[in-house]
file final-v3.txt (compact mmCIF, C-alpha atoms)
# COMPACT_ATOMS: atom_id res chain seq x y z
CA MET H 1 100.16 130.97 106.57
CA LYS H 2 96.93 129.14 107.50
CA ASN H 3 95.01 131.07 104.84
CA LEU H 4 97.65 130.07 102.27
CA LYS H 5 97.32 126.41 103.20
CA TYR H 6 93.51 126.59 102.95
CA ALA H 7 93.75 128.29 99.55
CA LEU H 8 96.09 125.60 98.21
CA ALA H 9 93.85 122.84 99.55
CA PHE H 10 90.78 124.44 97.98
CA LEU H 11 92.55 124.84 94.63
CA GLY H 12 93.63 121.20 94.59
CA LEU H 13 90.19 119.96 95.66
CA SER H 14 88.45 122.09 93.07
CA ALA H 15 90.69 120.75 90.31
CA THR H 16 89.99 117.18 91.41
CA PHE H 17 86.23 117.51 91.17
CA LEU H 18 86.04 119.46 87.91
CA PRO H 19 84.07 117.40 85.34
CA GLU H 20 86.12 116.23 82.37
CA SER H 21 83.80 118.07 80.05
CA THR H 22 84.22 121.44 81.71
CA GLN H 23 85.99 124.12 79.80
CA ALA H 24 87.93 125.03 82.97
CA GLN H 25 90.04 121.90 82.58
CA GLU H 26 91.54 123.47 79.47
CA PHE H 27 93.51 125.71 81.85
CA PHE H 28 95.17 122.83 83.73
CA LYS H 29 97.90 121.40 81.50
CA ASP H 30 101.46 120.20 82.04
CA ARG H 31 100.84 120.51 85.79
CA LYS H 32 100.34 124.25 85.32
CA LEU H 33 97.45 126.63 85.75
CA TYR H 34 97.33 128.52 82.46
CA LEU H 35 96.63 132.25 82.62
CA ASN H 36 96.17 132.67 78.87
CA GLU H 37 95.11 130.48 75.97
CA ASP H 38 98.57 129.46 74.72
CA GLY H 39 99.95 128.75 78.19
CA SER H 40 102.83 131.21 77.95
CA ASN H 41 101.54 132.81 81.15
CA TYR H 42 100.98 130.34 83.96
CA VAL H 43 101.30 129.47 87.64
CA LYS H 44 102.77 126.19 88.86
CA PHE H 45 102.95 124.37 92.20
CA THR H 46 105.47 121.68 93.16
CA PHE H 47 106.48 119.85 96.34
CA MET H 48 109.19 117.47 97.53
CA THR H 49 110.02 115.37 100.58
CA GLN H 50 113.40 113.81 101.42
CA ALA H 51 113.29 111.51 104.47
CA TRP H 52 116.42 109.98 106.04
CA LEU H 53 117.10 106.87 108.09
CA ARG H 54 120.66 106.79 109.47
CA SER H 55 123.03 104.75 111.57
CA MET H 56 126.29 106.46 112.53
CA ASP H 57 129.23 106.65 114.86
CA TYR H 58 129.19 109.97 116.70
CA ASN H 59 132.13 112.28 117.34
CA PRO H 60 133.97 111.65 120.63
CA GLY H 61 132.25 113.37 123.56
CA THR H 62 128.85 113.65 121.85
CA THR H 63 125.90 114.28 124.14
CA ILE H 64 122.16 114.29 123.50
CA ASN H 65 120.31 116.24 126.18
CA GLY H 66 123.36 115.83 128.40
CA VAL H 67 123.63 112.05 127.96
CA GLU H 68 126.84 110.85 126.32
CA LYS H 69 126.38 108.71 123.21
CA SER H 70 129.00 107.07 120.99
CA SER H 71 126.65 105.95 118.20
CA GLY H 72 123.00 105.73 117.28
CA ALA H 73 120.26 105.58 114.67
CA ASP H 74 117.77 108.27 113.79
CA ILE H 75 114.97 109.21 111.41
CA GLY H 76 114.36 112.71 110.11
CA ILE H 77 113.04 114.95 107.36
CA ARG H 78 116.11 116.30 105.60
CA ARG H 79 114.05 118.60 103.40
CA TYR H 80 110.46 119.45 102.63
CA ARG H 81 109.71 122.00 99.93
CA VAL H 82 106.71 123.67 98.32
CA GLN H 83 107.31 125.92 95.31
CA MET H 84 104.90 128.39 93.78
CA TYR H 85 106.04 130.29 90.72
CA GLY H 86 104.81 131.58 87.44
CA GLN H 87 105.29 133.62 84.31
CA LEU H 88 102.59 136.13 85.15
CA THR H 89 103.01 138.25 82.02
CA ASP H 90 105.40 138.06 79.09
CA ARG H 91 108.01 139.93 81.14
CA VAL H 92 107.06 139.40 84.81
CA PHE H 93 108.14 136.25 86.68
CA ALA H 94 107.49 135.54 90.36
CA TYR H 95 108.99 132.77 92.48
CA SER H 96 108.40 131.66 96.05
CA GLN H 97 109.45 128.61 98.02
CA PHE H 98 108.82 127.57 101.57
CA GLY H 99 109.41 124.44 103.58
CA GLU H 100 111.46 122.90 106.34
CA ASN H 101 115.00 121.52 106.76
CA ASN H 102 116.59 119.09 109.20
CA PHE H 103 113.60 118.11 111.31
CA ASN H 104 114.58 115.35 113.73
CA THR H 105 113.96 114.26 117.31
CA ILE H 106 115.85 117.16 118.91
CA SER H 107 114.23 119.85 116.72
CA ASP H 108 111.84 122.43 118.11
CA ARG H 109 108.33 121.20 117.41
CA LYS H 110 105.58 122.85 115.40
CA LEU H 111 107.77 125.64 114.09
CA GLY H 112 105.98 125.43 110.78
CA PHE H 113 107.38 126.29 107.37
CA PHE H 114 109.77 129.15 106.76
CA VAL H 115 110.28 131.17 103.62
CA HIS H 116 113.22 130.09 101.46
CA ASP H 117 112.60 132.34 98.44
CA ALA H 118 110.29 135.24 97.70
CA TYR H 119 111.20 137.42 94.74
CA GLY H 120 109.98 138.97 91.55
CA GLU H 121 111.85 139.70 88.33
CA TYR H 122 111.32 141.72 85.18
CA ALA H 123 112.73 140.72 81.79
CA VAL H 124 114.31 143.78 80.18
CA ASP H 125 115.32 141.45 77.36
CA LYS H 126 113.75 137.98 77.57
CA ALA H 127 116.98 136.11 76.87
CA ARG H 128 119.77 138.53 77.72
CA LEU H 129 118.77 140.40 80.87
CA SER H 130 116.32 140.05 83.74
CA ILE H 131 116.39 142.11 86.93
CA GLY H 132 114.98 140.81 90.20
CA ILE H 133 114.69 141.72 93.87
CA GLY H 134 113.76 139.86 97.04
CA LEU H 135 114.94 136.83 99.01
CA SER H 136 116.58 134.50 96.52
CA GLY H 137 119.23 131.89 95.80
CA TRP H 138 120.82 133.78 92.88
CA SER H 139 124.16 133.43 94.63
CA GLY H 140 127.56 133.45 93.03
CA LEU H 141 130.68 131.34 93.29
CA SER H 142 129.85 127.99 91.67
CA ARG H 143 127.26 125.69 90.14
CA PHE H 144 126.24 123.98 93.36
CA SER H 145 126.26 127.10 95.48
CA SER H 146 122.60 127.08 94.38
CA PRO H 147 121.77 123.40 93.84
CA SER H 148 118.46 121.99 92.66
CA VAL H 149 118.17 119.60 95.59
CA GLY H 150 115.56 117.37 93.95
CA SER H 151 118.03 116.36 91.24
CA VAL H 152 121.36 116.06 93.11
CA LEU H 153 123.53 113.10 92.12
CA GLY H 154 124.44 112.08 95.67
CA ILE H 155 122.42 111.72 98.82
CA ASP H 156 123.09 115.39 99.52
CA ALA H 157 124.47 118.48 97.81
CA PRO H 158 128.13 119.51 98.34
CA LEU H 159 127.21 121.74 101.26
CA PHE H 160 130.60 123.44 101.58
CA LEU H 161 129.79 125.44 98.42
CA GLN H 162 127.00 127.23 100.33
CA THR H 163 129.70 129.30 101.96
CA THR H 164 127.72 131.45 104.42
CA ASN H 165 124.84 129.04 104.99
CA ASP H 166 122.81 130.38 107.94
CA VAL H 167 125.65 132.65 109.10
CA ASN H 168 124.50 135.82 107.34
CA ASP H 169 121.90 134.36 104.98
CA GLN H 170 118.83 132.11 105.22
CA PHE H 171 119.84 128.63 104.14
CA LEU H 172 121.96 130.16 101.31
CA ARG H 173 119.21 132.61 100.25
CA LYS H 174 119.99 136.31 100.43
CA LEU H 175 118.03 139.55 100.40
CA SER H 176 119.32 140.92 97.13
CA VAL H 177 119.03 142.61 93.80
CA PHE H 178 120.20 140.38 90.96
CA LEU H 179 120.84 140.41 87.24
CA LYS H 180 120.76 137.22 85.16
CA GLY H 181 120.60 136.17 81.54
CA LYS H 182 122.29 134.52 78.58
CA LEU H 183 124.64 136.13 76.09
CA GLY H 184 124.80 133.47 73.43
CA LYS H 185 126.15 130.39 75.23
CA LEU H 186 127.39 132.39 78.21
CA ASP H 187 125.04 132.12 81.18
CA TYR H 188 125.60 134.72 83.90
CA ARG H 189 124.30 135.89 87.25
CA LEU H 190 125.34 138.90 89.33
CA GLN H 191 123.98 139.72 92.76
CA MET H 192 124.20 142.58 95.27
CA ALA H 193 123.14 141.09 98.60
CA ASP H 194 122.35 142.71 101.94
CA PRO H 195 123.66 140.21 104.54
CA LEU H 196 121.45 139.21 107.43
CA GLU H 197 122.51 140.01 110.98
CA VAL H 198 125.20 137.66 112.29
CA LYS H 199 123.86 135.91 115.38
CA ASN H 200 125.50 133.62 117.95
CA SER H 201 128.95 134.70 116.83
CA PRO H 202 131.78 133.58 119.15
CA PRO H 203 133.86 136.18 121.02
CA VAL H 204 136.52 138.04 119.06
CA VAL H 205 139.76 136.02 119.34
CA ASN H 206 143.08 135.78 117.50
CA GLU H 207 141.46 133.73 114.73
CA ALA H 208 138.97 135.17 112.25
CA THR H 209 135.23 135.01 112.90
CA PHE H 210 132.27 136.82 111.32
CA SER H 211 131.86 140.39 112.49
CA THR H 212 128.63 141.32 114.23
CA ASP H 213 128.94 144.98 113.22
CA PRO H 214 126.47 146.32 110.62
CA SER H 215 127.40 144.66 107.34
CA GLU H 216 128.61 146.04 104.04
CA MET H 217 126.93 144.80 100.86
CA GLN H 218 127.99 141.40 99.56
CA TRP H 219 128.76 140.94 95.85
CA ASN H 220 128.27 137.61 94.08
CA GLY H 221 128.79 136.39 90.54
CA TYR H 222 128.85 133.17 88.54
CA PHE H 223 129.50 132.73 84.81
CA GLN H 224 129.31 129.48 82.87
CA TYR H 225 129.89 128.78 79.19
CA GLN H 226 127.48 126.09 78.00
CA PHE H 227 129.15 124.31 75.09
CA LEU H 228 126.42 121.75 74.30
CA ASP H 229 122.74 121.68 75.34
CA GLN H 230 121.59 124.91 76.93
CA GLU H 231 120.23 124.84 80.48
CA SER H 232 117.28 126.77 81.81
CA ASN H 233 117.94 129.79 84.00
CA MET H 234 114.30 130.26 84.93
CA THR H 235 115.14 129.73 88.62
CA PRO H 236 118.51 130.04 90.39
CA TYR H 237 118.77 126.32 91.18
CA LEU H 238 121.00 124.24 88.90
CA THR H 239 120.38 120.58 88.07
CA GLY H 240 122.55 117.92 89.72
CA THR H 241 122.11 115.31 86.99
CA TYR H 242 119.78 115.00 84.02
CA GLN H 243 120.04 111.18 84.10
CA GLY H 244 120.73 111.07 80.37
CA LYS H 245 117.97 113.44 79.24
CA LYS H 246 120.41 116.19 78.17
CA LYS H 247 123.97 116.45 76.88
CA VAL H 248 125.58 119.21 78.94
CA PHE H 249 129.18 120.39 79.09
CA ASN H 250 129.84 123.61 81.02
CA ILE H 251 132.89 125.42 82.33
CA GLY H 252 132.24 128.04 84.98
CA ALA H 253 133.85 130.50 87.37
CA GLY H 254 132.57 132.75 90.13
CA PHE H 255 133.25 134.88 93.17
CA ILE H 256 131.89 136.22 96.47
CA TYR H 257 133.18 139.45 98.04
CA GLN H 258 132.14 141.27 101.21
CA LYS H 259 134.12 144.17 102.68
CA ASP H 260 134.96 143.94 106.41
CA ALA H 261 132.92 140.76 106.85
CA MET H 262 135.43 139.24 109.29
CA TRP H 263 137.26 140.36 112.43
CA MET H 264 139.91 139.13 114.88
CA LEU H 265 142.28 140.37 117.54
CA ASN H 266 145.70 141.42 116.24
CA SER H 267 149.02 141.09 118.06
CA THR H 268 148.34 144.23 120.12
CA GLY H 269 144.90 143.06 121.21
CA ASP H 270 142.98 145.43 118.96
CA VAL H 271 140.05 144.37 116.75
CA GLU H 272 141.13 144.14 113.13
CA LYS H 273 138.68 143.65 110.26
CA SER H 274 139.27 141.87 106.96
CA ASP H 275 137.36 141.22 103.75
CA MET H 276 135.74 137.91 102.83
CA VAL H 277 136.89 136.93 99.32
CA HIS H 278 136.15 133.62 97.58
CA PHE H 279 136.88 132.41 94.05
CA ALA H 280 135.91 129.15 92.33
CA ALA H 281 136.17 127.40 88.97
CA ASP H 282 134.27 124.29 87.95
CA VAL H 283 133.39 121.90 85.15
CA PHE H 284 130.18 119.93 84.65
CA TYR H 285 129.58 117.12 82.17
CA ASP H 286 126.32 115.16 82.13
CA ALA H 287 125.30 113.15 79.08
CA PRO H 288 123.83 109.92 77.69
CA ILE H 289 126.49 107.41 76.62
CA GLY H 290 124.48 104.45 75.35
CA ALA H 291 121.48 103.51 73.28
CA SER H 292 119.58 102.02 76.21
CA GLY H 293 119.46 104.97 78.59
CA GLN H 294 122.95 104.77 80.08
CA ALA H 295 124.43 108.07 81.21
CA VAL H 296 127.42 109.55 82.98
CA SER H 297 127.65 112.58 85.26
CA PHE H 298 130.80 114.41 86.42
CA TYR H 299 131.37 117.56 88.41
CA GLY H 300 134.74 119.01 89.42
CA ASN H 301 135.39 122.15 91.46
CA VAL H 302 138.35 124.12 92.83
CA THR H 303 137.53 126.80 95.41
CA SER H 304 139.78 129.31 97.14
CA TYR H 305 138.27 130.50 100.44
CA ASP H 306 139.49 133.55 102.35
CA PHE H 307 137.45 134.02 105.51
CA GLY H 308 140.44 135.52 107.29
CA LYS H 309 143.28 134.05 109.34
CA ASN H 310 142.71 130.45 110.50
CA TYR H 311 138.92 130.60 110.09
CA ILE H 312 137.21 127.22 110.52
CA ARG H 313 133.53 126.27 110.78
CA ASN H 314 131.92 122.90 111.44
CA GLY H 315 128.91 121.57 109.60
CA GLY H 316 126.82 118.44 109.97
CA ALA H 317 123.62 117.73 108.03
CA MET H 318 120.60 117.20 110.34
CA ASN H 319 122.89 116.81 113.35
CA PRO H 320 121.37 114.23 115.74
CA ALA H 321 123.20 115.68 118.79
CA ASN H 322 123.00 118.93 120.70
CA GLY H 323 126.13 118.89 122.84
CA SER H 324 129.67 117.74 123.53
CA ASN H 325 131.53 117.14 126.77
CA ASN H 326 134.96 116.82 125.17
CA PRO H 327 136.50 120.30 124.70
CA VAL H 328 139.58 118.77 123.04
CA ILE H 329 137.57 117.76 119.94
CA LEU H 330 137.39 120.50 117.30
CA ASN H 331 134.43 118.89 115.51
CA GLY H 332 131.89 119.30 118.30
CA GLY H 333 129.16 116.72 118.80
CA GLY H 334 127.20 114.40 116.53
CA ASN H 335 128.25 114.27 112.87
CA SER H 336 129.89 117.71 112.54
CA PHE H 337 133.25 118.13 110.85
CA PRO H 338 135.36 121.09 109.62
CA MET H 339 133.37 121.74 106.44
CA TYR H 340 134.38 125.38 105.84
CA GLY H 341 137.65 127.21 106.32
CA THR H 342 140.25 129.54 104.89
CA GLY H 343 142.25 127.60 102.31
CA THR H 344 141.76 125.63 99.11
CA VAL H 345 139.15 122.95 98.43
CA ILE H 346 139.10 120.41 95.61
CA TYR H 347 135.83 118.57 95.04
CA ALA H 348 134.83 115.89 92.55
CA GLN H 349 131.80 113.68 92.05
CA VAL H 350 131.06 111.10 89.37
CA GLY H 351 128.07 108.87 88.70
CA TYR H 352 126.97 106.27 86.18
CA LYS H 353 123.39 105.47 85.24
CA PHE H 354 122.77 101.92 84.09
CA LYS H 355 120.43 101.14 81.22
CA ASP H 356 116.72 101.78 81.57
CA ASN H 357 114.58 98.94 82.87
CA LEU H 358 117.56 97.27 84.52
CA ILE H 359 115.36 96.01 87.37
CA GLY H 360 111.83 95.76 86.02
CA GLN H 361 110.94 99.33 85.06
CA THR H 362 113.60 100.79 87.36
CA THR H 363 117.35 101.30 87.19
CA LEU H 364 120.40 102.17 89.30
CA MET H 365 122.77 105.13 89.38
CA PRO H 366 125.79 104.70 91.71
CA TYR H 367 128.05 107.64 92.56
CA VAL H 368 131.14 108.62 94.52
CA SER H 369 132.36 112.04 95.72
CA LEU H 370 135.26 113.53 97.67
CA GLN H 371 135.81 116.91 99.32
CA HIS H 372 139.55 117.45 99.84
CA ALA H 373 140.47 120.62 101.72
CA ASP H 374 143.74 122.21 102.81
CA TYR H 375 142.52 124.59 105.52
CA ASP H 376 145.04 126.86 107.24
CA ARG H 377 143.62 126.02 110.68
CA LEU H 378 144.24 122.27 110.25
CA ASN H 379 147.62 120.53 110.23
CA ASP H 380 146.30 117.63 108.15
CA ALA H 381 144.20 117.73 104.99
CA MET H 382 140.45 117.36 105.47
CA ASN H 383 138.87 114.57 103.39
CA PHE H 384 135.11 113.97 103.43
CA PHE H 385 134.12 110.87 101.43
CA ASP H 386 130.64 109.97 100.20
CA ALA H 387 129.61 107.00 98.04
CA GLY H 388 126.27 105.38 97.34
CA VAL H 389 123.72 104.15 94.85
CA ASN H 390 120.44 105.69 93.67
CA TRP H 391 117.60 103.30 92.88
CA LEU H 392 115.60 105.29 90.36
CA LEU H 393 112.10 103.95 90.83
CA ASP H 394 110.71 106.73 88.63
CA GLY H 395 113.55 109.13 87.93
CA ASN H 396 113.59 111.85 90.58
CA VAL H 397 109.85 111.49 91.18
CA SER H 398 110.44 108.41 93.33
CA LYS H 399 114.04 107.68 94.30
CA PHE H 400 115.67 105.54 97.00
CA THR H 401 119.32 106.17 97.89
CA VAL H 402 121.74 104.36 100.19
CA ALA H 403 125.11 105.95 100.97
CA TYR H 404 128.16 105.63 103.18
CA GLN H 405 129.96 108.75 104.43
CA SER H 406 133.32 109.07 106.17
CA ARG H 407 134.31 112.26 108.01
CA PRO H 408 137.58 113.12 109.79
CA ILE H 409 137.97 113.96 113.49
CA TYR H 410 140.34 116.74 114.65
CA ASP H 411 141.53 118.01 117.99
CA ILE H 412 141.66 121.70 118.81
CA GLY H 413 145.34 121.76 117.81
CA GLY H 414 144.33 120.92 114.22
CA GLU H 415 145.67 117.35 114.32
CA LYS H 416 143.60 114.58 112.73
CA THR H 417 142.88 111.91 115.36
CA GLY H 418 140.69 109.50 113.38
CA SER H 419 137.50 109.25 111.36
CA LYS H 420 133.86 108.27 111.83
CA GLY H 421 131.32 106.83 109.43
CA ALA H 422 127.60 106.91 108.72
CA ILE H 423 125.18 104.84 106.65
CA ILE H 424 122.24 106.85 105.30
CA ALA H 425 119.10 105.72 103.49
CA GLN H 426 116.90 108.34 101.82
CA TYR H 427 113.53 108.15 100.12
CA GLN H 428 112.60 111.08 97.90
CA VAL H 429 109.19 111.95 96.51
CA LEU H 430 109.05 114.84 94.04
CA PHE H 431 106.01 116.35 92.35
CA ASN H 432 107.34 118.70 89.71

call {"tool": "encode", "arguments": {"input": "final-v3.txt", "output": "structure tokens"}}
result
Amino acid sequence: MKNLKYALAFLGLSATFLPESTQAQEFFKDRKLYLNEDGSNYVKFTFMTQAWLRSMDYNPGTTINGVEKSSGADIGIRRYRVQMYGQLTDRVFAYSQFGENNFNTISDRKLGFFVHDAYGEYAVDKARLSIGIGLSGWSGLSRFSSPSVGSVLGIDAPLFLQTTNDVNDQFLRKLSVFLKGKLGKLDYRLQMADPLEVKNSPPVVNEATFSTDPSEMQWNGYFQYQFLDQESNMTPYLTGTYQGKKKVFNIGAGFIYQKDAMWMLNSTGDVEKSDMVHFAADVFYDAPIGASGQAVSFYGNVTSYDFGKNYIRNGGAMNPANGSNNPVILNGGGNSFPMYGTGTVIYAQVGYKFKDNLIGQTTLMPYVSLQHADYDRLNDAMNFFDAGVNWLLDGNVSKFTVAYQSRPIYDIGGEKTGSKGAIIAQYQVLFN
């Protein structure tokens, strides 16, 4: 890893000090290192930082290093990414990404970057079919099961769509073989994934949990018909909003299936396995609506999750806490809430971009989103609300976002007992 860092530093320093008259500069265009004269073969480097400042009310019973806390403020790095990818020949494409997620004051220090993606692909037919293998985000189910996090509309992606995030994958990425391509206006991806070992699984009980036995292959797929402007499928990560630069209208559907992924104790006390089966359908519309740069963005999704009987799993982005002393609270500590579960989820987000140069050379793009879930384990519907405004200082290159989030609190009986809120400010820097 150190050698890689030194190589990147040397490359950047060398490019900086190249005289303008040198012929070598001909090979650095469009933020790419050209490998041939016309630039069709190239290598590109990008990076991104998303830093958060938050103030929030914690779940009842929250502890930080054993000390009970009811609220607090924190600063953290939500995401840091470095991408290296390139069209190495007319048919060979390679992609790698590494970085860090959720680094805050309770994180282990000096862990360094970890690999998010590392795969290669070969174009059997440049438009219709490419085959790839490695660690990748070519997952199925829905559009934002593989989100392009540097372009999301809200302060964060709809995380519930990353269904097995860090359970048997690596932050949604999977060791897999995948097929992808376009058949006319139909964009498709299919993936055979080898799930990672399930770690820290709770004991087998009378409610479904992930099995720790050796896993069967997982099958993923997502298909979307792109009625208007066509989107790139160069990488697996799909744009959150184009901020008026494209006119996109897509309808999609997808699935995830894994045999015997779950287990539980049946009525006789024996271990009984069940399949994990998910289906989703979604619609995405993102387009300019005015002559001065105004734009609208909408995404709607319906997902049917089957993790097995009464499955529930909490999630909380960059959780500031590491404990709870209240065993009656289902959520656990910090900002966790029942994000995943067996049942049906309806999700919608909508945003509006004001005209260009609304505030000097900058503009605003407010948004609102709602995750509404009817999970079998809960007696009351789960509603996670998120609303905020993006201050587009320079598109996604420099963006400041302020948001308010409201999450529900449940007891272990599945009854909703209240809600808690958080105010989050994010600054994003993206070199793309």

call {"tool": "closest_residue", "arguments": {"input": "final-v3.txt", "among": "H:Ser292, H:Asn301, H:Ser40, H:Thr163", "to": "Arg143 of chain H", "atoms": "only C-alpha atoms"}}
result
H:Asn301

call {"tool": "residues_around", "arguments": {"input": "final-v3.txt", "residues": "segment 207-216 of chain H", "least_positions_apart": "4", "cutoff": "9 Å", "atoms": "all atoms listed in the file", "output": "ChimeraX atom specification"}}
result
/H:167-168,194-199,201-203,258-266,273-274,307-312,377

call {"tool": "residues_around", "arguments": {"input": "final-v3.txt", "residues": "segment 27-34 of chain H", "least_positions_apart": "3", "cutoff": "7 Å", "atoms": "all atoms listed in the file", "output": "list in words"}}
result
Ala24, Gly39, Asn41, Tyr42, Val43 and Lys44 of chain H

call {"tool": "write_last_selection", "arguments": {"input": "final-v3.txt", "atoms": "C-alpha atoms", "output": "compact mmCIF listing (two decimals), keeping the file's coordinate frame"}}
result
# COMPACT_ATOMS: atom_id res chain seq x y z
CA ALA H 24 87.93 125.03 82.97
CA GLY H 39 99.95 128.75 78.19
CA ASN H 41 101.54 132.81 81.15
CA TYR H 42 100.98 130.34 83.96
CA VAL H 43 101.30 129.47 87.64
CA LYS H 44 102.77 126.19 88.86

call {"tool": "closest_atom_pairs", "arguments": {"input": "final-v3.txt", "of": "segment 61-153 of chain H", "to": "segment 275-283 of chain H", "cutoff": "10 Å", "atoms": "all atoms listed in the file", "output": "Markdown table"}}
result
| residue | atom | partner | partner_atom | distance |
| --- | --- | --- | --- | --- |
| H:Gly140 | CA | H:Ala280 | CA | 9.4 |
| H:Leu141 | CA | H:Ala280 | CA | 5.8 |
| H:Ser142 | CA | H:Ala280 | CA | 6.2 |
| H:Arg143 | CA | H:Asp282 | CA | 7.5 |
| H:Phe144 | CA | H:Asp282 | CA | 9.7 |

call {"tool": "atom_distance", "arguments": {"input": "final-v3.txt", "atom1": "atom CA of Gly66 of chain H", "atom2": "atom CA of Gln50 of chain H"}}
result
28.8 Å

call {"tool": "closest_residue", "arguments": {"input": "final-v3.txt", "among": "H:Tyr257, H:Gly333, H:Ala287, H:Gln361", "to": "Asp229 of chain H", "atoms": "all atoms listed in the file"}}
result
H:Ala287

call {"tool": "residues_near_point", "arguments": {"input": "final-v3.txt", "point": "(122.7, 117.5, 122.3)", "cutoff": "10 Å", "atoms": "all atoms listed in the file", "output": "ChimeraX atom specification"}}
result
/H:62-69,106,319-325,333-334

call {"tool": "residues_around", "arguments": {"input": "final-v3.txt", "residues": "Asp286 of chain H", "least_positions_apart": "6", "cutoff": "6 Å", "atoms": "all atoms listed in the file", "output": "PyMOL selection string"}}
result
chain H and resi 247-248+296-297

call {"tool": "closest_residue", "arguments": {"input": "final-v3.txt", "among": "H:Gln162, H:Ser398, H:Gln294, H:Asn233", "to": "Ala127 of chain H", "atoms": "only C-alpha atoms"}}
result
H:Asn233

call {"tool": "closest_residue", "arguments": {"input": "final-v3.txt", "among": "H:Leu88, H:Ile131, H:Ala73, H:Leu378", "to": "Arg313 of chain H", "atoms": "all atoms listed in the file"}}
result
H:Leu378
